[in-house]
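A.B. asks: My structure is in entry-v7.pdb, and what it holds is PDB, C-alpha atoms:
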```
ATOM      1  CA  MET N   1     -18.501   5.919  32.346
ATOM      2  CA  ILE N   2     -21.138   3.226  32.857
ATOM      3  CA  TYR N   3     -22.914   1.696  29.861
ATOM      4  CA  LYS N   4     -26.164  -0.247  30.101
ATOM      5  CA  SER N   5     -27.411  -2.382  27.214
ATOM      6  CA  TYR N   6     -30.874  -3.863  26.689
ATOM      7  CA  SER N   7     -29.438  -7.099  28.038
ATOM      8  CA  ASP N   8     -28.271  -5.284  31.187
ATOM      9  CA  LEU N   9     -31.694  -3.684  31.532
ATOM     10  CA  SER N  10     -33.434  -7.055  31.398
ATOM     11  CA  ARG N  11     -31.009  -8.595  33.894
ATOM     12  CA  ASP N  12     -31.246  -5.655  36.322
ATOM     13  CA  ILE N  13     -35.041  -5.839  36.284
ATOM     14  CA  ARG N  14     -35.065  -9.615  36.841
ATOM     15  CA  ASN N  15     -32.558  -9.361  39.675
ATOM     16  CA  ASN N  16     -34.605  -6.699  41.456
ATOM     17  CA  VAL N  17     -38.185  -7.669  40.674
ATOM     18  CA  HIS N  18     -38.533  -8.758  44.323
ATOM     19  CA  LYS N  19     -38.798  -5.047  45.173
ATOM     20  CA  LEU N  20     -42.081  -4.997  43.252
ATOM     21  CA  ASN N  21     -43.532  -8.359  44.265
ATOM     22  CA  SER N  22     -44.874  -7.152  47.610
ATOM     23  CA  ASN N  23     -47.296  -4.817  45.827
ATOM     24  CA  GLU N  24     -50.340  -6.191  44.047
ATOM     25  CA  PHE N  25     -50.223  -4.004  40.954
ATOM     26  CA  ASP N  26     -52.943  -4.560  38.396
ATOM     27  CA  LEU N  27     -51.557  -2.103  35.838
ATOM     28  CA  ILE N  28     -48.085  -0.987  34.752
ATOM     29  CA  VAL N  29     -47.891   2.449  33.127
ATOM     30  CA  GLY N  30     -44.788   3.319  31.111
ATOM     31  CA  ILE N  31     -43.499   6.842  30.549
ATOM     32  CA  PRO N  32     -42.761   7.275  26.815
ATOM     33  CA  ARG N  33     -40.410   6.682  25.236
ATOM     34  CA  SER N  34     -37.587   5.134  27.217
ATOM     35  CA  GLY N  35     -39.869   3.977  30.004
ATOM     36  CA  MET N  36     -41.872   1.716  27.727
ATOM     37  CA  VAL N  37     -39.278  -1.055  27.363
ATOM     38  CA  PRO N  38     -38.830  -1.580  31.131
ATOM     39  CA  SER N  39     -42.581  -1.230  31.690
ATOM     40  CA  TYR N  40     -43.295  -4.127  29.331
ATOM     41  CA  MET N  41     -40.501  -6.201  30.877
ATOM     42  CA  VAL N  42     -41.943  -5.638  34.362
ATOM     43  CA  SER N  43     -45.526  -6.285  33.264
ATOM     44  CA  LEU N  44     -44.563  -9.612  31.697
ATOM     45  CA  LEU N  45     -42.653 -10.695  34.800
ATOM     46  CA  LEU N  46     -45.569  -9.756  37.064
ATOM     47  CA  ASN N  47     -48.175 -10.940  34.526
ATOM     48  CA  VAL N  48     -50.256  -7.765  34.679
ATOM     49  CA  HIS N  49     -51.584  -5.306  32.115
ATOM     50  CA  CYS N  50     -49.326  -2.621  30.628
ATOM     51  CA  ILE N  51     -50.165   0.667  28.935
ATOM     52  CA  ASP N  52     -48.364   3.893  28.020
ATOM     53  CA  LEU N  53     -49.022   7.087  29.977
ATOM     54  CA  PRO N  54     -50.972   8.996  27.257
ATOM     55  CA  ALA N  55     -53.272   5.983  26.738
ATOM     56  CA  PHE N  56     -53.735   5.694  30.515
ATOM     57  CA  ILE N  57     -54.689   9.368  30.724
ATOM     58  CA  ARG N  58     -57.312   8.777  28.002
ATOM     59  CA  ASN N  59     -58.627   5.752  29.951
ATOM     60  CA  GLU N  60     -58.218   3.493  26.946
ATOM     61  CA  LYS N  61     -59.318  -0.120  26.823
ATOM     62  CA  LEU N  62     -56.590  -2.572  27.819
ATOM     63  CA  SER N  63     -55.417  -5.325  25.493
ATOM     64  CA  LYS N  64     -53.351  -8.489  25.747
ATOM     65  CA  GLY N  65     -52.250 -11.447  23.659
ATOM     66  CA  ILE N  66     -54.107 -14.729  23.410
ATOM     67  CA  THR N  67     -51.339 -16.994  24.701
ATOM     68  CA  ARG N  68     -51.393 -16.023  28.368
ATOM     69  CA  ASP N  69     -54.211 -15.034  30.727
ATOM     70  CA  ILE N  70     -53.889 -12.102  33.100
ATOM     71  CA  GLN N  71     -55.308 -12.512  36.591
ATOM     72  CA  SER N  72     -56.802  -9.022  36.735
ATOM     73  CA  ASN N  73     -60.208  -8.650  35.103
ATOM     74  CA  ILE N  74     -60.059  -4.888  34.535
ATOM     75  CA  ILE N  75     -61.068  -3.737  31.076
ATOM     76  CA  TYR N  76     -60.305  -0.022  31.057
ATOM     77  CA  ALA N  77     -57.196   1.697  32.467
ATOM     78  CA  HIS N  78     -58.971   3.687  35.175
ATOM     79  CA  GLU N  79     -60.504   0.529  36.644
ATOM     80  CA  ALA N  80     -57.067  -0.302  38.069
ATOM     81  CA  LYS N  81     -56.797  -0.071  41.823
ATOM     82  CA  SER N  82     -52.979  -0.128  42.068
ATOM     83  CA  VAL N  83     -50.774   1.371  39.343
ATOM     84  CA  LEU N  84     -46.991   1.325  38.920
ATOM     85  CA  LEU N  85     -45.708   4.306  36.917
ATOM     86  CA  ILE N  86     -42.242   3.431  35.616
ATOM     87  CA  ASP N  87     -39.360   5.067  33.750
ATOM     88  CA  ASP N  88     -35.914   3.797  32.770
ATOM     89  CA  SER N  89     -33.878   6.276  34.838
ATOM     90  CA  VAL N  90     -34.094   9.305  37.068
ATOM     91  CA  LEU N  91     -31.700  12.166  37.832
ATOM     92  CA  SER N  92     -33.504  15.308  38.924
ATOM     93  CA  GLY N  93     -36.889  13.597  39.007
ATOM     94  CA  LYS N  94     -38.602  16.335  36.958
ATOM     95  CA  SER N  95     -39.827  13.883  34.316
ATOM     96  CA  MET N  96     -41.441  11.690  36.957
ATOM     97  CA  LEU N  97     -43.151  14.655  38.611
ATOM     98  CA  CYS N  98     -44.381  15.876  35.249
ATOM     99  CA  ALA N  99     -45.814  12.429  34.513
ATOM    100  CA  LEU N 100     -47.579  12.283  37.882
ATOM    101  CA  GLN N 101     -49.143  15.692  37.325
ATOM    102  CA  LYS N 102     -50.699  14.459  34.074
ATOM    103  CA  ILE N 103     -52.704  11.728  35.801
ATOM    104  CA  PRO N 104     -56.321  12.971  35.938
ATOM    105  CA  ASN N 105     -58.038  13.617  39.256
ATOM    106  CA  SER N 106     -60.826  11.316  38.143
ATOM    107  CA  PHE N 107     -58.549   8.311  38.638
ATOM    108  CA  GLU N 108     -59.319   6.888  42.088
ATOM    109  CA  GLY N 109     -56.641   4.196  42.364
ATOM    110  CA  ASP N 110     -53.219   4.277  44.043
ATOM    111  CA  VAL N 111     -50.100   5.208  42.076
ATOM    112  CA  LEU N 112     -46.550   4.206  42.988
ATOM    113  CA  THR N 113     -43.544   5.368  40.975
ATOM    114  CA  ALA N 114     -40.488   3.321  40.014
ATOM    115  CA  THR N 115     -37.301   3.607  38.012
ATOM    116  CA  VAL N 116     -34.776   1.010  36.961
ATOM    117  CA  TYR N 117     -31.742   3.273  37.355
ATOM    118  CA  SER N 118     -31.033   6.089  39.782
ATOM    119  CA  SER N 119     -27.856   7.812  40.926
ATOM    120  CA  ASP N 120     -28.849   7.078  44.546
ATOM    121  CA  ASN N 121     -30.593   4.282  46.408
ATOM    122  CA  GLU N 122     -33.319   6.745  47.398
ATOM    123  CA  HIS N 123     -34.940   9.637  45.560
ATOM    124  CA  GLU N 124     -37.559  12.045  46.867
ATOM    125  CA  ASN N 125     -39.587  11.823  43.630
ATOM    126  CA  VAL N 126     -39.518   8.033  43.210
ATOM    127  CA  ASP N 127     -41.004   5.352  45.452
ATOM    128  CA  ILE N 128     -39.089   2.300  44.186
ATOM    129  CA  ILE N 129     -35.560   2.218  42.758
ATOM    130  CA  LEU N 130     -34.331  -1.042  41.290
ATOM    131  CA  THR N 131     -30.635  -0.302  40.705
ATOM    132  CA  LYS N 132     -28.165   2.408  41.663
ATOM    133  CA  VAL N 133     -26.051   3.600  38.724
ATOM    134  CA  GLU N 134     -23.989   6.701  39.270
ATOM    135  CA  PRO N 135     -23.356   9.144  36.409
ATOM    136  CA  PRO N 136     -21.762   9.507  33.969
ATOM    137  CA  ARG N 137     -23.877   6.823  32.336
ATOM    138  CA  VAL N 138     -25.257   6.108  28.886
ATOM    139  CA  PHE N 139     -27.722   3.519  27.645
ATOM    140  CA  GLU N 140     -27.955   1.463  24.458
ATOM    141  CA  TRP N 141     -31.278   3.145  23.689
ATOM    142  CA  ASN N 142     -29.901   6.697  23.867
ATOM    143  CA  ILE N 143     -26.135   6.645  23.296
ATOM    144  CA  TYR N 144     -26.370   8.148  19.784
ATOM    145  CA  HIS N 145     -28.823  10.812  20.920
ATOM    146  CA  HIS N 146     -27.326  11.773  24.281
ATOM    147  CA  PRO N 147     -25.474  15.058  24.953
ATOM    148  CA  VAL N 148     -22.328  12.960  25.537
ATOM    149  CA  VAL N 149     -22.048  12.937  21.718
ATOM    150  CA  ASN N 150     -21.228  16.656  21.859
ATOM    151  CA  ASN N 151     -17.960  15.852  23.595
ATOM    152  CA  SER N 152     -17.055  12.670  21.730
ATOM    153  CA  CYS N 153     -14.879  11.413  18.889
ATOM    154  CA  PHE N 154     -16.547   9.135  16.318
ATOM    155  CA  ASP N 155     -15.077   6.852  13.708
ATOM    156  CA  ILE N 156     -16.962   6.799  10.386
ATOM    157  CA  ASP N 157     -16.680   3.378   8.732
ATOM    158  CA  GLY N 158     -18.473   0.730  10.773
ATOM    159  CA  VAL N 159     -20.153   3.377  12.932
ATOM    160  CA  LEU N 160     -21.899   6.058  10.875
ATOM    161  CA  CYS N 161     -21.918   3.800   7.822
ATOM    162  CA  TYR N 162     -21.146   0.172   7.047
ATOM    163  CA  ASP N 163     -17.599  -0.824   6.131
ATOM    164  CA  PRO N 164     -16.711  -1.118   2.445
ATOM    165  CA  THR N 165     -16.375  -4.577   0.955
ATOM    166  CA  ASN N 166     -13.005  -5.758  -0.313
ATOM    167  CA  GLU N 167     -14.163  -5.035  -3.849
ATOM    168  CA  GLN N 168     -15.256  -1.505  -2.956
ATOM    169  CA  ASN N 169     -12.035  -0.779  -1.088
ATOM    170  CA  ASP N 170      -9.906  -0.482  -4.241
ATOM    171  CA  ASP N 171      -8.602   3.059  -3.652
ATOM    172  CA  GLY N 172     -10.162   3.922  -6.996
ATOM    173  CA  GLU N 173     -13.507   4.396  -8.697
ATOM    174  CA  GLN N 174     -15.384   1.757  -6.681
ATOM    175  CA  TYR N 175     -14.116   3.277  -3.434
ATOM    176  CA  ILE N 176     -15.206   6.754  -4.495
ATOM    177  CA  ASP N 177     -18.647   5.345  -5.299
ATOM    178  CA  PHE N 178     -18.718   3.767  -1.832
ATOM    179  CA  LEU N 179     -17.769   7.063  -0.175
ATOM    180  CA  LEU N 180     -20.614   8.876  -1.894
ATOM    181  CA  ASN N 181     -23.250   6.154  -1.457
ATOM    182  CA  ALA N 182     -22.311   4.237   1.699
ATOM    183  CA  LYS N 183     -25.236   2.688   3.552
ATOM    184  CA  PRO N 184     -25.894   4.572   6.832
ATOM    185  CA  ARG N 185     -25.641   2.593  10.059
ATOM    186  CA  PHE N 186     -26.018   4.804  13.166
ATOM    187  CA  ILE N 187     -26.619   8.527  12.634
ATOM    188  CA  PRO N 188     -26.536  10.573  15.878
ATOM    189  CA  THR N 189     -29.079  13.335  16.246
ATOM    190  CA  GLU N 190     -26.681  15.286  18.461
ATOM    191  CA  ARG N 191     -23.670  17.171  17.058
ATOM    192  CA  ILE N 192     -20.458  15.117  17.136
ATOM    193  CA  ASP N 193     -17.427  17.041  18.331
ATOM    194  CA  VAL N 194     -14.761  15.320  16.186
ATOM    195  CA  LEU N 195     -14.830  12.669  13.476
ATOM    196  CA  VAL N 196     -11.538  10.754  13.536
ATOM    197  CA  THR N 197     -11.134   8.359  10.631
ATOM    198  CA  ASN N 198      -8.456   6.326   8.875
ATOM    199  CA  ARG N 199      -9.868   7.471   5.564
ATOM    200  CA  LEU N 200      -7.271   9.310   3.500
ATOM    201  CA  GLU N 201      -7.191  13.088   3.354
ATOM    202  CA  LYS N 202      -7.542  13.015  -0.433
ATOM    203  CA  TYR N 203     -11.108  11.749   0.025
ATOM    204  CA  ARG N 204     -12.230  14.668   2.210
ATOM    205  CA  GLU N 205     -14.589  16.123  -0.402
ATOM    206  CA  GLN N 206     -16.471  12.857  -0.947
ATOM    207  CA  THR N 207     -16.596  12.179   2.793
ATOM    208  CA  GLU N 208     -18.000  15.611   3.605
ATOM    209  CA  THR N 209     -20.569  15.264   0.820
ATOM    210  CA  TRP N 210     -21.829  11.984   2.317
ATOM    211  CA  LEU N 211     -21.902  13.439   5.838
ATOM    212  CA  ASN N 212     -23.923  16.407   4.641
ATOM    213  CA  ASN N 213     -26.325  14.241   2.635
ATOM    214  CA  ASN N 214     -26.954  12.044   5.685
ATOM    215  CA  ASN N 215     -27.468  14.904   8.139
ATOM    216  CA  VAL N 216     -24.406  14.136  10.247
ATOM    217  CA  LYS N 217     -23.631  17.190  12.360
ATOM    218  CA  PHE N 218     -20.007  17.603  13.476
ATOM    219  CA  ASN N 219     -17.431  20.244  14.391
ATOM    220  CA  LYS N 220     -14.239  18.799  12.941
ATOM    221  CA  LEU N 221     -13.099  16.023  10.597
ATOM    222  CA  ILE N 222      -9.645  14.501  11.154
ATOM    223  CA  MET N 223      -8.376  12.274   8.326
ATOM    224  CA  LEU N 224      -5.184  10.348   7.640
ATOM    225  CA  ASP N 225      -2.572  12.341   5.744
ATOM    226  CA  LEU N 226      -1.160   9.552   3.560
ATOM    227  CA  SER N 227      -1.124   9.286  -0.208
ATOM    228  CA  SER N 228      -2.565   5.796  -0.820
ATOM    229  CA  LYS N 229      -4.234   2.719   0.606
ATOM    230  CA  ASP N 230      -0.916   0.863   0.400
ATOM    231  CA  ASP N 231       0.716   3.526   2.579
ATOM    232  CA  ARG N 232      -2.090   3.190   5.084
ATOM    233  CA  LEU N 233      -1.730  -0.595   5.254
ATOM    234  CA  ALA N 234       2.038  -0.263   5.600
ATOM    235  CA  GLN N 235       1.820   1.841   8.764
ATOM    236  CA  LYS N 236       3.999   0.491  11.552
ATOM    237  CA  ASP N 237       1.543   1.746  14.147
ATOM    238  CA  TYR N 238      -1.994   1.381  12.820
ATOM    239  CA  TYR N 239      -3.567   2.655  16.051
ATOM    240  CA  ALA N 240      -1.591   5.871  16.523
ATOM    241  CA  HIS N 241      -3.771   8.164  14.410
ATOM    242  CA  LYS N 242      -6.972   7.710  16.407
ATOM    243  CA  ALA N 243      -5.434   6.991  19.807
ATOM    244  CA  ASN N 244      -3.083   9.985  19.832
ATOM    245  CA  PHE N 245      -5.726  12.449  18.716
ATOM    246  CA  TYR N 246      -8.196  11.199  21.322
ATOM    247  CA  LYS N 247      -5.574  11.233  24.067
ATOM    248  CA  ASN N 248      -4.675  14.867  23.378
ATOM    249  CA  SER N 249      -8.268  16.019  22.928
ATOM    250  CA  THR N 250     -10.756  17.216  25.533
ATOM    251  CA  CYS N 251     -13.267  14.563  24.446
ATOM    252  CA  ASN N 252     -14.260  11.960  27.023
ATOM    253  CA  LEU N 253     -15.647   9.234  24.727
ATOM    254  CA  PHE N 254     -14.536   7.613  21.461
ATOM    255  CA  VAL N 255     -17.039   5.588  19.416
ATOM    256  CA  GLU N 256     -15.282   2.870  17.391
ATOM    257  CA  SER N 257     -16.599  -0.173  15.543
ATOM    258  CA  ASP N 258     -13.658  -2.613  15.728
ATOM    259  CA  ILE N 259     -12.944  -4.243  19.100
ATOM    260  CA  ASP N 260      -9.164  -4.423  18.627
ATOM    261  CA  GLN N 261      -8.997  -0.737  17.802
ATOM    262  CA  ALA N 262     -11.354   0.103  20.648
ATOM    263  CA  ILE N 263      -9.157  -1.691  23.177
ATOM    264  CA  GLU N 264      -5.960  -0.137  21.859
ATOM    265  CA  ILE N 265      -7.449   3.379  21.753
ATOM    266  CA  ALA N 266      -8.769   3.027  25.311
ATOM    267  CA  ASN N 267      -5.476   1.754  26.698
ATOM    268  CA  ARG N 268      -3.348   4.366  24.948
ATOM    269  CA  SER N 269      -5.607   7.326  25.696
ATOM    270  CA  ASN N 270      -6.568   6.215  29.196
ATOM    271  CA  LYS N 271     -10.159   7.108  28.307
ATOM    272  CA  PHE N 272     -13.379   5.226  27.621
ATOM    273  CA  VAL N 273     -14.197   3.818  24.178
ATOM    274  CA  PHE N 274     -17.582   2.479  23.115
ATOM    275  CA  CYS N 275     -17.273  -0.489  20.740
ATOM    276  CA  VAL N 276     -20.229  -0.606  18.349
ATOM    277  CA  ASP N 277     -19.650  -4.136  17.032
ATOM    278  CA  GLU N 278     -19.458  -5.707  20.502
ATOM    279  CA  ASN N 279     -22.000  -3.323  22.073
ATOM    280  CA  MET N 280     -19.759  -2.700  25.068
ATOM    281  CA  MET N 281     -17.926   0.098  26.847
ATOM    282  CA  VAL N 282     -14.176  -0.550  26.883
ATOM    283  CA  MET N 283     -12.465   0.723  30.013
ATOM    284  CA  PRO N 284      -8.863   1.950  29.823
ATOM    285  CA  GLY N 285      -6.564  -0.807  31.018
ATOM    286  CA  GLY N 286      -9.434  -3.254  31.329
ATOM    287  CA  LEU N 287      -8.671  -5.454  28.317
ATOM    288  CA  LYS N 288      -5.850  -6.437  26.033
ATOM    289  CA  ARG N 289      -6.300  -6.812  22.306
ATOM    290  CA  PHE N 290      -8.340  -9.899  21.499
ATOM    291  CA  LYS N 291      -6.072 -11.249  18.784
ATOM    292  CA  ASN N 292      -4.067 -13.594  20.963
ATOM    293  CA  LYS N 293      -3.932 -17.368  21.322
ATOM    294  CA  LYS N 294      -5.805 -17.565  24.605
ATOM    295  CA  TYR N 295      -8.734 -15.546  23.286
ATOM    296  CA  LEU N 296      -8.938 -17.444  20.003
ATOM    297  CA  LEU N 297      -8.760 -20.764  21.854
ATOM    298  CA  SER N 298     -11.522 -19.793  24.303
ATOM    299  CA  LYS N 299     -13.679 -18.540  21.445
ATOM    300  CA  LEU N 300     -13.152 -21.787  19.540
ATOM    301  CA  ARG N 301     -14.058 -23.847  22.616
ATOM    302  CA  PHE N 302     -17.233 -21.803  23.078
ATOM    303  CA  LYS N 303     -18.283 -22.372  19.469
ATOM    304  CA  LEU N 304     -17.546 -26.096  19.751
ATOM    305  CA  SER N 305     -19.665 -26.360  22.901
ATOM    306  CA  LYS N 306     -22.566 -24.708  21.088
ATOM    307  CA  ILE N 307     -22.173 -27.126  18.178
ATOM    308  CA  LYS N 308     -22.265 -30.086  20.584
ATOM    309  CA  ILE N 309     -25.453 -28.782  22.223
ATOM    310  CA  LEU N 310     -27.129 -28.236  18.867
ATOM    311  CA  ARG N 311     -26.027 -31.702  17.768
ATOM    312  CA  LYS N 312     -27.600 -33.284  20.841
ATOM    313  CA  MET N 313     -30.822 -31.362  20.238
ATOM    314  CA  TYR N 314     -30.856 -32.516  16.610
ATOM    315  CA  ASP N 315     -30.249 -36.162  17.584
ATOM    316  CA  THR N 316     -33.037 -35.983  20.182
ATOM    317  CA  LEU N 317     -35.525 -34.540  17.693
ATOM    318  CA  LYS N 318     -34.477 -37.048  15.048
ATOM    319  CA  SER N 319     -35.004 -39.977  17.374
TER     320      SER N 319
END
```
The structure in this file should be written as structure tokens.

C.D. replies:
Amino acid sequence: MIYKSYSDLSRDIRNNVHKLNSNEFDLIVGIPRSGMVPSYMVSLLLNVHCIDLPAFIRNEKLSKGITRDIQSNIIYAHEAKSVLLIDDSVLSGKSMLCALQKIPNSFEGDVLTATVYSSDNEHENVDIILTKVEPPRVFEWNIYHHPVVNNSCFDIDGVLCYDPTNEQNDDGEQYIDFLLNAKPRFIPTERIDVLVTNRLEKYREQTETWLNNNNVKFNKLIMLDLSSKDDRLAQKDYYAHKANFYKNSTCNLFVESDIDQAIEIANRSNKFVFCVDENMMVMPGGLKRFKNKKYLLSKLRFKLSKIKILRKMYDTLKS
């Protein structure tokens, strides 16, 4: 499963903007909603106007900031002579065709279509394809609202809600208050197949109350059948609960917050795990747990290099 973040999107557009440079576009039109981010990225790189499709259809007046001039002197959308209609991705191409059909006949300019991601290098409904990305694929801007959620396992703490503090995690009254009033983090709009959590079974009622109050749709809730927090911390194999369930399930994605757990779950299940905290897709067998000397040393060196750079910048400004 391929995962694309906003950072990937920006890099893929920059690396392939040469495919657009040969055309003298004077207006970029984005297809709402997911096509708007790449449309603005492209328009800024090409230094041309950008507008969303509904506003283009209405022939609205174009606007821009005051810090950078745009070479084109068009004022209204339909004054454009060459338009690029762009979306983030294409599969069947129906969305692109639907968008093209909405463009009024009164518009006399040329329209080319483009997408950042396509399953093939060519598509009959798209003129310009920036990057080939074969399915299955999910994006940072849709992963919690994509049908893949229907066949996924989700952790709760750190994913659907923020983790409890040390004070809240007392296995007593403060923890119960946390369970009932935890601050939501990412709430999928699709139905989750299975919630797999290290929360204790004795807290099922409070957990289900919170899930219901926060409109979390799910089919099954799997909790840890231990009597206390101390028993949970004393487990010899902390990763077995989530990893074994996922391995034996029909789900093809696990959404986990902690990177160490994500790596261990992926390696044991031989399936993909999306790590929320690191915003990355963990491939089975691709990584080893980060808590080792080499990783900690490399991370320390990276932080020290940043400190040195900041120090030099400070000294330069001071002088």

A.B. asks: If we count only C-alpha atoms, what is near segment 228-234 of chain N at a cut-off of 7 Å, once residues fewer than 2 positions away on the same chain are taken out, given as a ChimeraX atom specification?

C.D. replies: /N:171,226,236

A.B. asks: What are the closest atom pairs, with distances in Å to one decimal, for each residue of segment 142-198 of chain N lying within 12 Å of segment 262-268 of chain N, using all atoms listed in the file, rows by chain and rising residue number, as a tab-separated table?

C.D. replies:
```
residue	atom	partner	partner_atom	distance
N:Cys153	CA	N:Ile265	CA	11.3
N:Phe154	CA	N:Ala262	CA	11.3
N:Asp155	CA	N:Ala262	CA	10.4
N:Val196	CA	N:Ile265	CA	11.8
```

A.B. asks: Would you write out, as CSV, a table of all residues in segment 126-146 of chain N that have an atom no more than 12 Å from an atom of segment 253-261 of chain N, listing for each the closest atom pair and the distance in Å to one decimal, considering all atoms listed in the file and ordering rows by chain and rising residue number?

C.D. replies:
```
residue,atom,partner,partner_atom,distance
N:Pro136,CA,N:Leu253,CA,11.1
N:Arg137,CA,N:Leu253,CA,11.5
N:Val138,CA,N:Leu253,CA,10.9
N:Ile143,CA,N:Val255,CA,9.9
N:Tyr144,CA,N:Val255,CA,9.7
N:His146,CA,N:Leu253,CA,12.0
```

A.B. asks: Using the chain letters and residue numbers of this document, give as a PyMOL selection string the residues selected by the PyMOL selection byres ((chain N and resi 37) around 12).

C.D. replies: chain N and resi 5-7+9-10+13+28-36+38-44+50-52+86-89+115-116+140-141

A.B. asks: Name the residues that the PyMOL selection byres ((chain N and resi 184) around 12) pulls out of this structure, and write them as a list in words.

C.D. replies: Ile156, Asp157, Gly158, Val159, Leu160, Cys161, Tyr162, Asp163, Pro164, Phe178, Leu179, Leu180, Asn181, Ala182, Lys183, Arg185, Phe186, Ile187, Pro188, Trp210, Leu211, Asn213, Asn214, Asn215 and Val216 of chain N

A.B. asks: Distance atom CA of Glu122 of chain N-atom CA of Leu53 of chain N, one decimal place?

C.D. replies: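 About the pair atom CA of Glu122 of chain N and atom CA of Leu53 of chain N: they are 23.5 Å apart.
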
A.B. asks: Find the distance between atom CA of Thr250 of chain N and atom CA of Pro284 of chain N and write it in Å to one decimal.

C.D. replies: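 We find that atom CA of Thr250 of chain N and atom CA of Pro284 of chain N lie 16.0 Å from each other.
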
A.B. asks: Between atom CA of Met283 of chain N and atom CA of Met1 of chain N, what is the distance in Å, rounded to a tenth?

C.D. replies: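 Taking atom CA of Met283 of chain N as the start and atom CA of Met1 of chain N as the end point, the length is 8.3 Å.
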
A.B. asks: Take the PyMOL selection byres ((chain N and resi 106-114) around 10), apply it to the structure above, and return the hits as a ChimeraX atom specification.

C.D. replies: /N:19-20,23,25,27-30,39,56-57,59,77-90,96-97,99-100,103-105,115-118,125-130

A.B. asks: What would the file look like if the residues just selected were written as a PDB file, keeping the file's coordinate frame with C-alpha atoms?

C.D. replies:
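Final output, saved to again.pdb:
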```pdb
ATOM      1  CA  LYS N  19     -38.798  -5.047  45.173  1.00  0.00           C
ATOM      2  CA  LEU N  20     -42.081  -4.997  43.252  1.00  0.00           C
ATOM      3  CA  ASN N  23     -47.296  -4.817  45.827  1.00  0.00           C
ATOM      4  CA  PHE N  25     -50.223  -4.004  40.954  1.00  0.00           C
ATOM      5  CA  LEU N  27     -51.557  -2.103  35.838  1.00  0.00           C
ATOM      6  CA  ILE N  28     -48.085  -0.987  34.752  1.00  0.00           C
ATOM      7  CA  VAL N  29     -47.891   2.449  33.127  1.00  0.00           C
ATOM      8  CA  GLY N  30     -44.788   3.319  31.111  1.00  0.00           C
ATOM      9  CA  SER N  39     -42.581  -1.230  31.690  1.00  0.00           C
ATOM     10  CA  PHE N  56     -53.735   5.694  30.515  1.00  0.00           C
ATOM     11  CA  ILE N  57     -54.689   9.368  30.724  1.00  0.00           C
ATOM     12  CA  ASN N  59     -58.627   5.752  29.951  1.00  0.00           C
ATOM     13  CA  ALA N  77     -57.196   1.697  32.467  1.00  0.00           C
ATOM     14  CA  HIS N  78     -58.971   3.687  35.175  1.00  0.00           C
ATOM     15  CA  GLU N  79     -60.504   0.529  36.644  1.00  0.00           C
ATOM     16  CA  ALA N  80     -57.067  -0.302  38.069  1.00  0.00           C
ATOM     17  CA  LYS N  81     -56.797  -0.071  41.823  1.00  0.00           C
ATOM     18  CA  SER N  82     -52.979  -0.128  42.068  1.00  0.00           C
ATOM     19  CA  VAL N  83     -50.774   1.371  39.343  1.00  0.00           C
ATOM     20  CA  LEU N  84     -46.991   1.325  38.920  1.00  0.00           C
ATOM     21  CA  LEU N  85     -45.708   4.306  36.917  1.00  0.00           C
ATOM     22  CA  ILE N  86     -42.242   3.431  35.616  1.00  0.00           C
ATOM     23  CA  ASP N  87     -39.360   5.067  33.750  1.00  0.00           C
ATOM     24  CA  ASP N  88     -35.914   3.797  32.770  1.00  0.00           C
ATOM     25  CA  SER N  89     -33.878   6.276  34.838  1.00  0.00           C
ATOM     26  CA  VAL N  90     -34.094   9.305  37.068  1.00  0.00           C
ATOM     27  CA  MET N  96     -41.441  11.690  36.957  1.00  0.00           C
ATOM     28  CA  LEU N  97     -43.151  14.655  38.611  1.00  0.00           C
ATOM     29  CA  ALA N  99     -45.814  12.429  34.513  1.00  0.00           C
ATOM     30  CA  LEU N 100     -47.579  12.283  37.882  1.00  0.00           C
ATOM     31  CA  ILE N 103     -52.704  11.728  35.801  1.00  0.00           C
ATOM     32  CA  PRO N 104     -56.321  12.971  35.938  1.00  0.00           C
ATOM     33  CA  ASN N 105     -58.038  13.617  39.256  1.00  0.00           C
ATOM     34  CA  THR N 115     -37.301   3.607  38.012  1.00  0.00           C
ATOM     35  CA  VAL N 116     -34.776   1.010  36.961  1.00  0.00           C
ATOM     36  CA  TYR N 117     -31.742   3.273  37.355  1.00  0.00           C
ATOM     37  CA  SER N 118     -31.033   6.089  39.782  1.00  0.00           C
ATOM     38  CA  ASN N 125     -39.587  11.823  43.630  1.00  0.00           C
ATOM     39  CA  VAL N 126     -39.518   8.033  43.210  1.00  0.00           C
ATOM     40  CA  ASP N 127     -41.004   5.352  45.452  1.00  0.00           C
ATOM     41  CA  ILE N 128     -39.089   2.300  44.186  1.00  0.00           C
ATOM     42  CA  ILE N 129     -35.560   2.218  42.758  1.00  0.00           C
ATOM     43  CA  LEU N 130     -34.331  -1.042  41.290  1.00  0.00           C
TER      44      LEU N 130
END
```

A.B. asks: Tell me which of N:Gly286, N:Met281, N:Glu173, N:Ser152 sits closest to Lys247 of chain N, counting only C-alpha atoms.

C.D. replies: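 Under the stated criterion, the closest residue is N:Ser152.
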